[in-house]
file input36.pdb (PDB, C-alpha atoms and all ligand atoms)
ATOM      1  CA  MET A  11       0.000   0.000   0.000  1.00  0.00           C
ATOM      2  CA  GLU A  12       2.788   2.346   0.918  1.00  0.00           C
ATOM      3  CA  GLY A  13       4.679   1.522  -2.306  1.00  0.00           C
ATOM      4  CA  SER A  14       1.620   2.152  -4.408  1.00  0.00           C
ATOM      5  CA  SER A  15       0.924   5.552  -2.881  1.00  0.00           C
ATOM      6  CA  LEU A  16       4.563   6.499  -3.459  1.00  0.00           C
ATOM      7  CA  ARG A  17       4.230   5.573  -7.128  1.00  0.00           C
ATOM      8  CA  HIS A  18       1.001   7.502  -7.190  1.00  0.00           C
ATOM      9  CA  GLY A  19       2.733  10.543  -5.737  1.00  0.00           C
ATOM     10  CA  GLN A  20       5.559  10.258  -8.248  1.00  0.00           C
ATOM     11  CA  ALA A  21       3.106  10.023 -11.121  1.00  0.00           C
ATOM     12  CA  ILE A  22       1.369  13.194  -9.979  1.00  0.00           C
ATOM     13  CA  LEU A  23       4.675  14.970  -9.649  1.00  0.00           C
ATOM     14  CA  VAL A  24       5.683  13.949 -13.176  1.00  0.00           C
ATOM     15  CA  LEU A  25       2.309  15.082 -14.440  1.00  0.00           C
ATOM     16  CA  LEU A  26       2.691  18.437 -12.703  1.00  0.00           C
ATOM     17  CA  VAL A  27       6.154  18.961 -14.183  1.00  0.00           C
ATOM     18  CA  ILE A  28       4.892  18.120 -17.665  1.00  0.00           C
ATOM     19  CA  LEU A  29       1.912  20.416 -17.225  1.00  0.00           C
ATOM     20  CA  GLN A  30       4.096  23.285 -16.072  1.00  0.00           C
ATOM     21  CA  PHE A  31       6.495  22.710 -18.925  1.00  0.00           C
ATOM     22  CA  THR A  32       3.781  22.726 -21.591  1.00  0.00           C
ATOM     23  CA  THR A  33       2.212  25.822 -20.060  1.00  0.00           C
ATOM     24  CA  TYR A  34       5.644  27.440 -20.198  1.00  0.00           C
ATOM     25  CA  ILE A  35       6.081  26.524 -23.858  1.00  0.00           C
ATOM     26  CA  VAL A  36       2.608  27.687 -24.814  1.00  0.00           C
ATOM     27  CA  LEU A  37       3.009  30.995 -22.987  1.00  0.00           C
ATOM     28  CA  SER A  38       6.475  31.811 -24.271  1.00  0.00           C
ATOM     29  CA  SER A  39       5.695  30.883 -27.866  1.00  0.00           C
ATOM     30  CA  ALA A  40       2.577  33.012 -27.679  1.00  0.00           C
ATOM     31  CA  ASP A  41       4.524  35.934 -26.227  1.00  0.00           C
ATOM     32  CA  ALA A  42       7.543  35.977 -28.503  1.00  0.00           C
ATOM     33  CA  PRO A  43       5.886  36.449 -31.900  1.00  0.00           C
ATOM     34  CA  PHE A  44       3.625  39.097 -30.443  1.00  0.00           C
ATOM     35  CA  ASP A  45       6.554  41.076 -29.039  1.00  0.00           C
ATOM     36  CA  ASN A  46       8.595  40.712 -32.165  1.00  0.00           C
ATOM     37  CA  GLN A  47       5.669  41.869 -34.280  1.00  0.00           C
ATOM     38  CA  ARG A  48       5.709  45.107 -32.305  1.00  0.00           C
ATOM     39  CA  ASN A  49       9.493  45.395 -32.774  1.00  0.00           C
ATOM     40  CA  ILE A  50       9.207  44.792 -36.536  1.00  0.00           C
ATOM     41  CA  GLU A  51       6.442  47.393 -36.726  1.00  0.00           C
ATOM     42  CA  TYR A  52       8.644  49.878 -34.855  1.00  0.00           C
ATOM     43  CA  ILE A  53      11.392  49.448 -37.466  1.00  0.00           C
ATOM     44  CA  ARG A  54       8.974  49.660 -40.369  1.00  0.00           C
ATOM     45  CA  SER A  55       7.447  52.902 -39.099  1.00  0.00           C
ATOM     46  CA  SER A  56      10.851  54.417 -38.250  1.00  0.00           C
ATOM     47  CA  CYS A  57      12.090  53.542 -41.741  1.00  0.00           C
ATOM     48  CA  SER A  58       9.042  55.019 -43.450  1.00  0.00           C
ATOM     49  CA  SER A  59      10.386  58.547 -42.901  1.00  0.00           C
ATOM     50  CA  THR A  60      13.723  57.778 -44.578  1.00  0.00           C
ATOM     51  CA  THR A  61      14.489  58.283 -48.267  1.00  0.00           C
ATOM     52  CA  TYR A  62      14.951  54.536 -48.838  1.00  0.00           C
ATOM     53  CA  PRO A  63      12.309  52.907 -46.612  1.00  0.00           C
ATOM     54  CA  ARG A  64      12.587  49.433 -48.154  1.00  0.00           C
ATOM     55  CA  LEU A  65      16.366  49.235 -47.898  1.00  0.00           C
ATOM     56  CA  CYS A  66      16.095  50.579 -44.355  1.00  0.00           C
ATOM     57  CA  ASN A  67      13.469  48.017 -43.366  1.00  0.00           C
ATOM     58  CA  ARG A  68      15.327  45.171 -45.067  1.00  0.00           C
ATOM     59  CA  SER A  69      18.680  45.982 -43.485  1.00  0.00           C
ATOM     60  CA  LEU A  70      17.320  46.503 -39.953  1.00  0.00           C
ATOM     61  CA  SER A  71      14.354  44.170 -39.497  1.00  0.00           C
ATOM     62  CA  ILE A  72      16.635  41.145 -38.928  1.00  0.00           C
ATOM     63  CA  TYR A  73      17.799  42.921 -35.754  1.00  0.00           C
ATOM     64  CA  ALA A  74      14.226  43.681 -34.617  1.00  0.00           C
ATOM     65  CA  SER A  75      14.358  41.647 -31.409  1.00  0.00           C
ATOM     66  CA  ARG A  76      17.642  43.267 -30.329  1.00  0.00           C
ATOM     67  CA  ILE A  77      16.556  46.806 -31.199  1.00  0.00           C
ATOM     68  CA  ASN A  78      13.225  46.303 -29.478  1.00  0.00           C
ATOM     69  CA  THR A  79      11.697  49.801 -29.615  1.00  0.00           C
ATOM     70  CA  SER A  80      14.762  51.746 -28.491  1.00  0.00           C
ATOM     71  CA  PRO A  81      15.670  54.733 -30.705  1.00  0.00           C
ATOM     72  CA  ARG A  82      19.247  54.554 -29.436  1.00  0.00           C
ATOM     73  CA  LEU A  83      19.656  50.880 -30.394  1.00  0.00           C
ATOM     74  CA  LEU A  84      17.997  51.631 -33.726  1.00  0.00           C
ATOM     75  CA  VAL A  85      20.592  54.313 -34.482  1.00  0.00           C
ATOM     76  CA  HIS A  86      23.395  52.120 -33.150  1.00  0.00           C
ATOM     77  CA  THR A  87      22.357  49.201 -35.353  1.00  0.00           C
ATOM     78  CA  ALA A  88      21.937  51.443 -38.412  1.00  0.00           C
ATOM     79  CA  LEU A  89      25.492  52.715 -37.872  1.00  0.00           C
ATOM     80  CA  ASN A  90      26.762  49.143 -37.380  1.00  0.00           C
ATOM     81  CA  VAL A  91      25.172  47.958 -40.624  1.00  0.00           C
ATOM     82  CA  THR A  92      26.448  50.981 -42.554  1.00  0.00           C
ATOM     83  CA  LEU A  93      29.944  50.684 -41.121  1.00  0.00           C
ATOM     84  CA  LYS A  94      30.181  46.986 -41.950  1.00  0.00           C
ATOM     85  CA  ALA A  95      29.081  47.569 -45.548  1.00  0.00           C
ATOM     86  CA  SER A  96      31.426  50.526 -45.928  1.00  0.00           C
ATOM     87  CA  ILE A  97      34.419  48.530 -44.701  1.00  0.00           C
ATOM     88  CA  SER A  98      33.832  45.848 -47.321  1.00  0.00           C
ATOM     89  CA  THR A  99      33.264  48.489 -50.010  1.00  0.00           C
ATOM     90  CA  SER A 100      36.450  50.266 -49.046  1.00  0.00           C
ATOM     91  CA  ARG A 101      38.364  46.968 -49.481  1.00  0.00           C
ATOM     92  CA  LEU A 102      36.717  46.456 -52.857  1.00  0.00           C
ATOM     93  CA  MET A 103      37.822  49.968 -53.946  1.00  0.00           C
ATOM     94  CA  VAL A 104      41.426  49.050 -53.121  1.00  0.00           C
ATOM     95  CA  LYS A 105      41.135  45.859 -55.185  1.00  0.00           C
ATOM     96  CA  ILE A 106      39.660  47.622 -58.222  1.00  0.00           C
ATOM     97  CA  SER A 107      42.284  50.355 -58.051  1.00  0.00           C
ATOM     98  CA  ARG A 108      44.961  47.652 -58.428  1.00  0.00           C
ATOM     99  CA  ILE A 109      43.522  46.246 -61.656  1.00  0.00           C
ATOM    100  CA  HIS A 110      46.145  46.540 -64.383  1.00  0.00           C
ATOM    101  CA  GLY A 111      45.453  48.515 -67.514  1.00  0.00           C
ATOM    102  CA  LEU A 112      42.910  51.005 -66.134  1.00  0.00           C
ATOM    103  CA  LYS A 113      42.643  54.169 -68.219  1.00  0.00           C
ATOM    104  CA  PRO A 114      44.606  56.992 -66.540  1.00  0.00           C
ATOM    105  CA  ARG A 115      41.445  58.977 -65.765  1.00  0.00           C
ATOM    106  CA  VAL A 116      39.746  55.898 -64.352  1.00  0.00           C
ATOM    107  CA  SER A 117      42.847  55.098 -62.349  1.00  0.00           C
ATOM    108  CA  ALA A 118      42.868  58.639 -60.909  1.00  0.00           C
ATOM    109  CA  ALA A 119      39.162  58.420 -60.051  1.00  0.00           C
ATOM    110  CA  MET A 120      39.798  55.072 -58.362  1.00  0.00           C
ATOM    111  CA  ALA A 121      42.629  56.525 -56.299  1.00  0.00           C
ATOM    112  CA  ASP A 122      40.219  59.218 -55.092  1.00  0.00           C
ATOM    113  CA  CYS A 123      37.589  56.576 -54.254  1.00  0.00           C
ATOM    114  CA  VAL A 124      40.106  54.580 -52.236  1.00  0.00           C
ATOM    115  CA  GLU A 125      40.955  57.676 -50.237  1.00  0.00           C
ATOM    116  CA  VAL A 126      37.432  58.923 -49.622  1.00  0.00           C
ATOM    117  CA  SER A 127      35.974  55.501 -48.895  1.00  0.00           C
ATOM    118  CA  GLY A 128      38.686  55.034 -46.266  1.00  0.00           C
ATOM    119  CA  ASP A 129      37.742  58.437 -44.820  1.00  0.00           C
ATOM    120  CA  SER A 130      34.109  57.417 -44.826  1.00  0.00           C
ATOM    121  CA  VAL A 131      34.914  54.287 -42.776  1.00  0.00           C
ATOM    122  CA  ASP A 132      36.837  56.439 -40.263  1.00  0.00           C
ATOM    123  CA  GLU A 133      33.967  58.901 -39.979  1.00  0.00           C
ATOM    124  CA  LEU A 134      31.400  56.176 -39.394  1.00  0.00           C
ATOM    125  CA  GLN A 135      33.690  54.620 -36.784  1.00  0.00           C
ATOM    126  CA  GLN A 136      34.018  58.031 -35.097  1.00  0.00           C
ATOM    127  CA  SER A 137      30.265  58.449 -34.999  1.00  0.00           C
ATOM    128  CA  LYS A 138      29.816  55.003 -33.451  1.00  0.00           C
ATOM    129  CA  GLY A 139      32.414  55.898 -30.838  1.00  0.00           C
ATOM    130  CA  GLU A 140      30.520  59.116 -30.059  1.00  0.00           C
ATOM    131  CA  LEU A 141      27.275  57.180 -29.698  1.00  0.00           C
ATOM    132  CA  ASP A 142      28.967  54.879 -27.164  1.00  0.00           C
ATOM    133  CA  ARG A 143      29.964  57.917 -25.092  1.00  0.00           C
ATOM    134  CA  ILE A 144      26.600  59.636 -25.196  1.00  0.00           C
ATOM    135  CA  THR A 145      25.079  60.546 -21.827  1.00  0.00           C
ATOM    136  CA  SER A 146      22.126  62.603 -20.694  1.00  0.00           C
ATOM    137  CA  SER A 147      24.339  65.593 -19.974  1.00  0.00           C
ATOM    138  CA  ASN A 148      26.252  65.660 -23.291  1.00  0.00           C
ATOM    139  CA  PHE A 149      23.343  64.524 -25.460  1.00  0.00           C
ATOM    140  CA  ALA A 150      22.802  67.576 -27.691  1.00  0.00           C
ATOM    141  CA  LEU A 151      26.486  68.207 -28.334  1.00  0.00           C
ATOM    142  CA  THR A 152      27.306  64.555 -29.009  1.00  0.00           C
ATOM    143  CA  ILE A 153      24.361  64.051 -31.353  1.00  0.00           C
ATOM    144  CA  SER A 154      25.462  67.114 -33.274  1.00  0.00           C
ATOM    145  CA  ASP A 155      28.988  65.631 -33.583  1.00  0.00           C
ATOM    146  CA  ILE A 156      27.519  62.369 -34.834  1.00  0.00           C
ATOM    147  CA  GLN A 157      25.431  64.251 -37.414  1.00  0.00           C
ATOM    148  CA  THR A 158      28.602  66.004 -38.600  1.00  0.00           C
ATOM    149  CA  TRP A 159      30.594  62.740 -38.950  1.00  0.00           C
ATOM    150  CA  VAL A 160      27.820  60.919 -40.783  1.00  0.00           C
ATOM    151  CA  SER A 161      27.210  63.867 -43.127  1.00  0.00           C
ATOM    152  CA  ALA A 162      30.932  63.907 -43.893  1.00  0.00           C
ATOM    153  CA  ALA A 163      30.802  60.185 -44.744  1.00  0.00           C
ATOM    154  CA  LEU A 164      27.909  60.863 -47.114  1.00  0.00           C
ATOM    155  CA  THR A 165      29.821  63.684 -48.806  1.00  0.00           C
ATOM    156  CA  ASP A 166      32.828  61.383 -49.280  1.00  0.00           C
ATOM    157  CA  GLU A 167      30.662  58.739 -50.913  1.00  0.00           C
ATOM    158  CA  ASP A 168      29.176  61.358 -53.282  1.00  0.00           C
ATOM    159  CA  THR A 169      32.693  62.565 -54.124  1.00  0.00           C
ATOM    160  CA  CYS A 170      33.662  59.060 -55.249  1.00  0.00           C
ATOM    161  CA  ILE A 171      30.633  58.684 -57.512  1.00  0.00           C
ATOM    162  CA  TYR A 172      31.093  62.194 -58.918  1.00  0.00           C
ATOM    163  CA  GLY A 173      34.652  61.315 -59.979  1.00  0.00           C
ATOM    164  CA  PHE A 174      33.204  58.829 -62.456  1.00  0.00           C
ATOM    165  CA  SER A 175      30.766  61.178 -64.194  1.00  0.00           C
ATOM    166  CA  GLY A 176      31.055  61.363 -67.982  1.00  0.00           C
ATOM    167  CA  LYS A 177      30.668  58.678 -70.623  1.00  0.00           C
ATOM    168  CA  SER A 178      34.411  58.381 -71.162  1.00  0.00           C
ATOM    169  CA  MET A 179      34.610  56.772 -67.722  1.00  0.00           C
ATOM    170  CA  ASN A 180      32.213  53.955 -68.628  1.00  0.00           C
ATOM    171  CA  GLY A 181      33.380  50.408 -67.983  1.00  0.00           C
ATOM    172  CA  TYR A 182      33.737  47.740 -65.310  1.00  0.00           C
ATOM    173  CA  ALA A 183      35.262  50.022 -62.665  1.00  0.00           C
ATOM    174  CA  LYS A 184      32.561  52.670 -62.991  1.00  0.00           C
ATOM    175  CA  THR A 185      29.702  50.144 -63.002  1.00  0.00           C
ATOM    176  CA  THR A 186      31.018  48.312 -59.953  1.00  0.00           C
ATOM    177  CA  VAL A 187      31.982  51.418 -57.999  1.00  0.00           C
ATOM    178  CA  ARG A 188      28.657  53.114 -58.661  1.00  0.00           C
ATOM    179  CA  LYS A 189      26.645  50.069 -57.656  1.00  0.00           C
ATOM    180  CA  ARG A 190      28.513  49.598 -54.400  1.00  0.00           C
ATOM    181  CA  ILE A 191      28.941  53.231 -53.420  1.00  0.00           C
ATOM    182  CA  ILE A 192      25.338  54.103 -54.164  1.00  0.00           C
ATOM    183  CA  LYS A 193      24.234  51.289 -51.844  1.00  0.00           C
ATOM    184  CA  ILE A 194      26.521  52.600 -49.095  1.00  0.00           C
ATOM    185  CA  ALA A 195      25.332  56.157 -49.686  1.00  0.00           C
ATOM    186  CA  HIS A 196      21.732  55.020 -49.299  1.00  0.00           C
ATOM    187  CA  LEU A 197      22.563  53.168 -46.072  1.00  0.00           C
ATOM    188  CA  THR A 198      24.394  56.247 -44.771  1.00  0.00           C
ATOM    189  CA  SER A 199      21.569  58.562 -45.741  1.00  0.00           C
ATOM    190  CA  LYS A 200      19.100  56.315 -43.940  1.00  0.00           C
ATOM    191  CA  ALA A 201      21.302  56.232 -40.833  1.00  0.00           C
ATOM    192  CA  LEU A 202      21.504  60.034 -40.918  1.00  0.00           C
ATOM    193  CA  THR A 203      17.723  60.369 -41.148  1.00  0.00           C
ATOM    194  CA  LEU A 204      17.295  58.062 -38.141  1.00  0.00           C
ATOM    195  CA  ILE A 205      19.922  60.047 -36.218  1.00  0.00           C
ATOM    196  CA  ASN A 206      18.219  63.347 -37.084  1.00  0.00           C
ATOM    197  CA  LYS A 207      14.940  61.917 -35.900  1.00  0.00           C
ATOM    198  CA  TYR A 208      16.573  60.680 -32.685  1.00  0.00           C
ATOM    199  CA  ALA A 209      18.057  64.144 -32.168  1.00  0.00           C
ATOM    200  CA  SER A 210      14.744  65.914 -32.672  1.00  0.00           C
ATOM    201  CA  THR A 211      12.582  63.620 -30.566  1.00  0.00           C
ATOM    202  CA  GLN A 212      14.866  63.228 -27.580  1.00  0.00           C
ATOM    203  CA  SER A 213      16.306  66.034 -25.579  1.00  0.00           C
ATOM    204  CA  SER A 214      18.280  63.573 -23.472  1.00  0.00           C
ATOM    205  CA  LEU A 215      18.900  59.840 -23.202  1.00  0.00           C
ATOM    206  CA  PRO A 216      15.759  57.690 -23.365  1.00  0.00           C
TER
HETATM  207  C1  LIG B   1       9.653  45.103 -43.534  1.00  0.00           C
HETATM  208  O1  LIG B   1      10.340  43.923 -43.161  1.00  0.00           O
HETATM  209  C2  LIG B   1       9.496  42.917 -42.624  1.00  0.00           C
HETATM  210  C3  LIG B   1      10.356  41.788 -42.094  1.00  0.00           C
HETATM  211  O2  LIG B   1      11.370  41.434 -42.984  1.00  0.00           O
HETATM  212  C4  LIG B   1       8.513  42.464 -43.689  1.00  0.00           C
HETATM  213  O3  LIG B   1       7.665  41.475 -43.178  1.00  0.00           O
HETATM  214  C5  LIG B   1       7.697  43.672 -44.164  1.00  0.00           C
HETATM  215  O4  LIG B   1       6.854  43.285 -45.226  1.00  0.00           O
HETATM  216  C6  LIG B   1       8.605  44.790 -44.599  1.00  0.00           C
HETATM  217  N1  LIG B   1       7.785  45.976 -44.825  1.00  0.00           N
HETATM  218  C7  LIG B   1       8.015  46.840 -45.829  1.00  0.00           C
HETATM  219  C8  LIG B   1       7.089  47.996 -45.901  1.00  0.00           C
HETATM  220  O5  LIG B   1       8.940  46.713 -46.600  1.00  0.00           O
HETATM  221  C1  LIG B   2      27.403  46.937 -32.998  1.00  0.00           C
HETATM  222  O1  LIG B   2      28.549  46.165 -33.308  1.00  0.00           O
HETATM  223  C2  LIG B   2      29.349  45.815 -32.217  1.00  0.00           C
HETATM  224  C3  LIG B   2      30.544  45.034 -32.747  1.00  0.00           C
HETATM  225  O2  LIG B   2      31.178  45.734 -33.742  1.00  0.00           O
HETATM  226  C4  LIG B   2      28.567  44.996 -31.215  1.00  0.00           C
HETATM  227  O3  LIG B   2      29.358  44.707 -30.081  1.00  0.00           O
HETATM  228  C5  LIG B   2      27.319  45.769 -30.791  1.00  0.00           C
HETATM  229  O4  LIG B   2      26.526  44.964 -29.956  1.00  0.00           O
HETATM  230  C6  LIG B   2      26.517  46.173 -32.002  1.00  0.00           C
HETATM  231  N1  LIG B   2      25.402  47.020 -31.556  1.00  0.00           N
HETATM  232  C7  LIG B   2      24.136  46.776 -31.862  1.00  0.00           C
HETATM  233  C8  LIG B   2      23.131  47.689 -31.280  1.00  0.00           C
HETATM  234  O5  LIG B   2      23.795  45.864 -32.583  1.00  0.00           O
END

call {"tool": "encode", "arguments": {"input": "input36.pdb", "output": "structure tokens"}}
result
Amino acid sequence: MEGSSLRHGQAILVLLVILQFTTYIVLSSADAPFDNQRNIEYIRSSCSSTTYPRLCNRSLSIYASRINTSPRLLVHTALNVTLKASISTSRLMVKISRIHGLKPRVSAAMADCVEVSGDSVDELQQSKGELDRITSSNFALTISDIQTWVSAALTDEDTCIYGFSGKSMNGYAKTTVRKRIIKIAHLTSKALTLINKYASTQSSLP
């Protein structure tokens, strides 16, 4: 009799554990998609005010759960994404500039692109560094520095593209540079819009 009631007790315990576990699974799987839907919506609506809403949404929505609905994390992630893409573009510029047999004018334009794309990487890195140091008391000044760095990066990207204007520059280098730099410029422009919005809606840290 004693053995049977022990087994009975164990069975109930096992049942309770299973019940708790399934309740846990049901609750957490019901919670997660709901929360992430709100996060994805936050990114979509933030991106809708940028010049390239689809690129913005596409490049940031994969980070939705990390960004949550924080404007600071949104800006931070936008800078991260832009910086990463600009580093790989800057490396590509170096590679293209080393192609043998480029026309002298193309070669000169490439040399400029190598220089300004390197500057652009530095400027984006600077702005990320500033964002890491931002506090409630230095908010306005630091945001204004970040706006300056990111605008400078955008100007550098435009300078590279401008160097290839004119039909005589047509060819592989121009096509590749334009495609890559324009993408970076769009990412940078989007980051700047999000930063400007952050600056105008917050007067201090959130
Ligand atoms: C934004 O991205 C999400 C997730 O990738 C997608 O479901 C949604 O359709 C996109 N919205 C727009 C307006 O591009
Ligand atoms: C930005 O990138 C750095 C690594 O370069 C990482 O440590 C950080 O968590 C990223 N920030 C966001 C908000 O994703």

call {"tool": "resolve_selection", "arguments": {"input": "input36.pdb", "expression": "the PyMOL selection byres (((chain A and resi 184) around 12) and not hetatm)", "output": "short mmCIF file (atom, residue, chain, number, x, y, z; two decimals) with C-alpha atoms, keeping the file's coordinate frame"}}
result
data_model
loop_
_atom_site.label_atom_id
_atom_site.label_comp_id
_atom_site.auth_asym_id
_atom_site.auth_seq_id
_atom_site.Cartn_x
_atom_site.Cartn_y
_atom_site.Cartn_z
CA MET A 103 37.82 49.97 -53.95
CA ILE A 106 39.66 47.62 -58.22
CA SER A 107 42.28 50.36 -58.05
CA LEU A 112 42.91 51.00 -66.13
CA LYS A 113 42.64 54.17 -68.22
CA ARG A 115 41.44 58.98 -65.76
CA VAL A 116 39.75 55.90 -64.35
CA SER A 117 42.85 55.10 -62.35
CA ALA A 119 39.16 58.42 -60.05
CA MET A 120 39.80 55.07 -58.36
CA CYS A 123 37.59 56.58 -54.25
CA CYS A 170 33.66 59.06 -55.25
CA ILE A 171 30.63 58.68 -57.51
CA TYR A 172 31.09 62.19 -58.92
CA GLY A 173 34.65 61.32 -59.98
CA PHE A 174 33.20 58.83 -62.46
CA SER A 175 30.77 61.18 -64.19
CA GLY A 176 31.06 61.36 -67.98
CA LYS A 177 30.67 58.68 -70.62
CA SER A 178 34.41 58.38 -71.16
CA MET A 179 34.61 56.77 -67.72
CA ASN A 180 32.21 53.96 -68.63
CA GLY A 181 33.38 50.41 -67.98
CA TYR A 182 33.74 47.74 -65.31
CA ALA A 183 35.26 50.02 -62.66
CA THR A 185 29.70 50.14 -63.00
CA THR A 186 31.02 48.31 -59.95
CA VAL A 187 31.98 51.42 -58.00
CA ARG A 188 28.66 53.11 -58.66
CA LYS A 189 26.64 50.07 -57.66
CA ARG A 190 28.51 49.60 -54.40
CA ILE A 191 28.94 53.23 -53.42
CA ILE A 192 25.34 54.10 -54.16
#

call {"tool": "axis_aligned_box", "arguments": {"input": "input36.pdb", "around": "ligand LIG 1 (chain B)", "padding_each_side": "3 Å", "output": "lines of an AutoDock Vina configuration file"}}
result
center_x = 9.1
center_y = 44.7
center_z = -44.3
size_x = 10.5
size_y = 12.6
size_z = 10.5

call {"tool": "closest_atom_pairs", "arguments": {"input": "input36.pdb", "of": "chain A", "to": "ligand LIG 1 (chain B)", "cutoff": "7 Å", "atoms": "only C-alpha atoms and all ligand atoms", "output": "JSON lines"}}
result
{"residue": "A:Ile50", "atom": "CA", "partner": "B:LIG1", "partner_atom": "C2", "distance": 6.4}
{"residue": "A:Arg54", "atom": "CA", "partner": "B:LIG1", "partner_atom": "C1", "distance": 5.6}
{"residue": "A:Arg64", "atom": "CA", "partner": "B:LIG1", "partner_atom": "O5", "distance": 4.8}
{"residue": "A:Asn67", "atom": "CA", "partner": "B:LIG1", "partner_atom": "C1", "distance": 4.8}
{"residue": "A:Arg68", "atom": "CA", "partner": "B:LIG1", "partner_atom": "O1", "distance": 5.5}
{"residue": "A:Ser71", "atom": "CA", "partner": "B:LIG1", "partner_atom": "C3", "distance": 5.3}
{"residue": "A:Ile72", "atom": "CA", "partner": "B:LIG1", "partner_atom": "O2", "distance": 6.7}

call {"tool": "closest_residue", "arguments": {"input": "input36.pdb", "among": "A:Arg76, A:Ala88, A:Tyr52, A:Trp159", "to": "Lys200 in chain A", "atoms": "all atoms listed in the file"}}
result
A:Ala88

call {"tool": "residues_near_ligand", "arguments": {"input": "input36.pdb", "ligand": "ligand LIG 2 (chain B)", "cutoff": "12 Å", "atoms": "only C-alpha atoms and all ligand atoms", "output": "ChimeraX atom specification"}}
result
/A:70-94,97,134-135,138-139,141-142

call {"tool": "residues_around", "arguments": {"input": "input36.pdb", "residues": "Asp129 in chain A", "least_positions_apart": "6", "cutoff": "9 Å", "atoms": "all atoms listed in the file", "output": "ChimeraX atom specification"}}
result
/A:162-163,166

call {"tool": "atom_distance", "arguments": {"input": "input36.pdb", "atom1": "CA of Glu133 in chain A", "atom2": "CA of Ile53 in chain A"}}
result
24.6 Å

call {"tool": "closest_residue", "arguments": {"input": "input36.pdb", "among": "A:Thr158, A:Glu125, A:Pro63, A:Ala95", "to": "Glu140 in chain A", "atoms": "only C-alpha atoms"}}
result
A:Thr158

call {"tool": "closest_residue", "arguments": {"input": "input36.pdb", "among": "A:Ser69, A:Ser199, A:Ser210, A:Thr169", "to": "Phe149 in chain A", "atoms": "all atoms listed in the file"}}
result
A:Ser210

call {"tool": "atom_distance", "arguments": {"input": "input36.pdb", "atom1": "CA of Leu65 in chain A", "atom2": "CA of Gln212 in chain A"}}
result
24.7 Å

call {"tool": "atom_distance", "arguments": {"input": "input36.pdb", "atom1": "CA of Asn206 in chain A", "atom2": "CA of Asp45 in chain A"}}
result
26.4 Å

call {"tool": "closest_residue", "arguments": {"input": "input36.pdb", "among": "A:Ser137, A:Gly111, A:Glu167, A:Tyr62", "to": "Asp155 in chain A", "atoms": "all atoms listed in the file"}}
result
A:Ser137

call {"tool": "closest_residue", "arguments": {"input": "input36.pdb", "among": "A:Ala121, A:Thr60, A:Arg143, A:Ser96", "to": "Ile109 in chain A", "atoms": "all atoms listed in the file"}}
result
A:Ala121

call {"tool": "resolve_selection", "arguments": {"input": "input36.pdb", "expression": "the PyMOL selection byres (((chain A and resi 150) around 12) and not hetatm)", "output": "ChimeraX atom specification"}}
result
/A:140-141,144-149,151-157,205-206,208-215
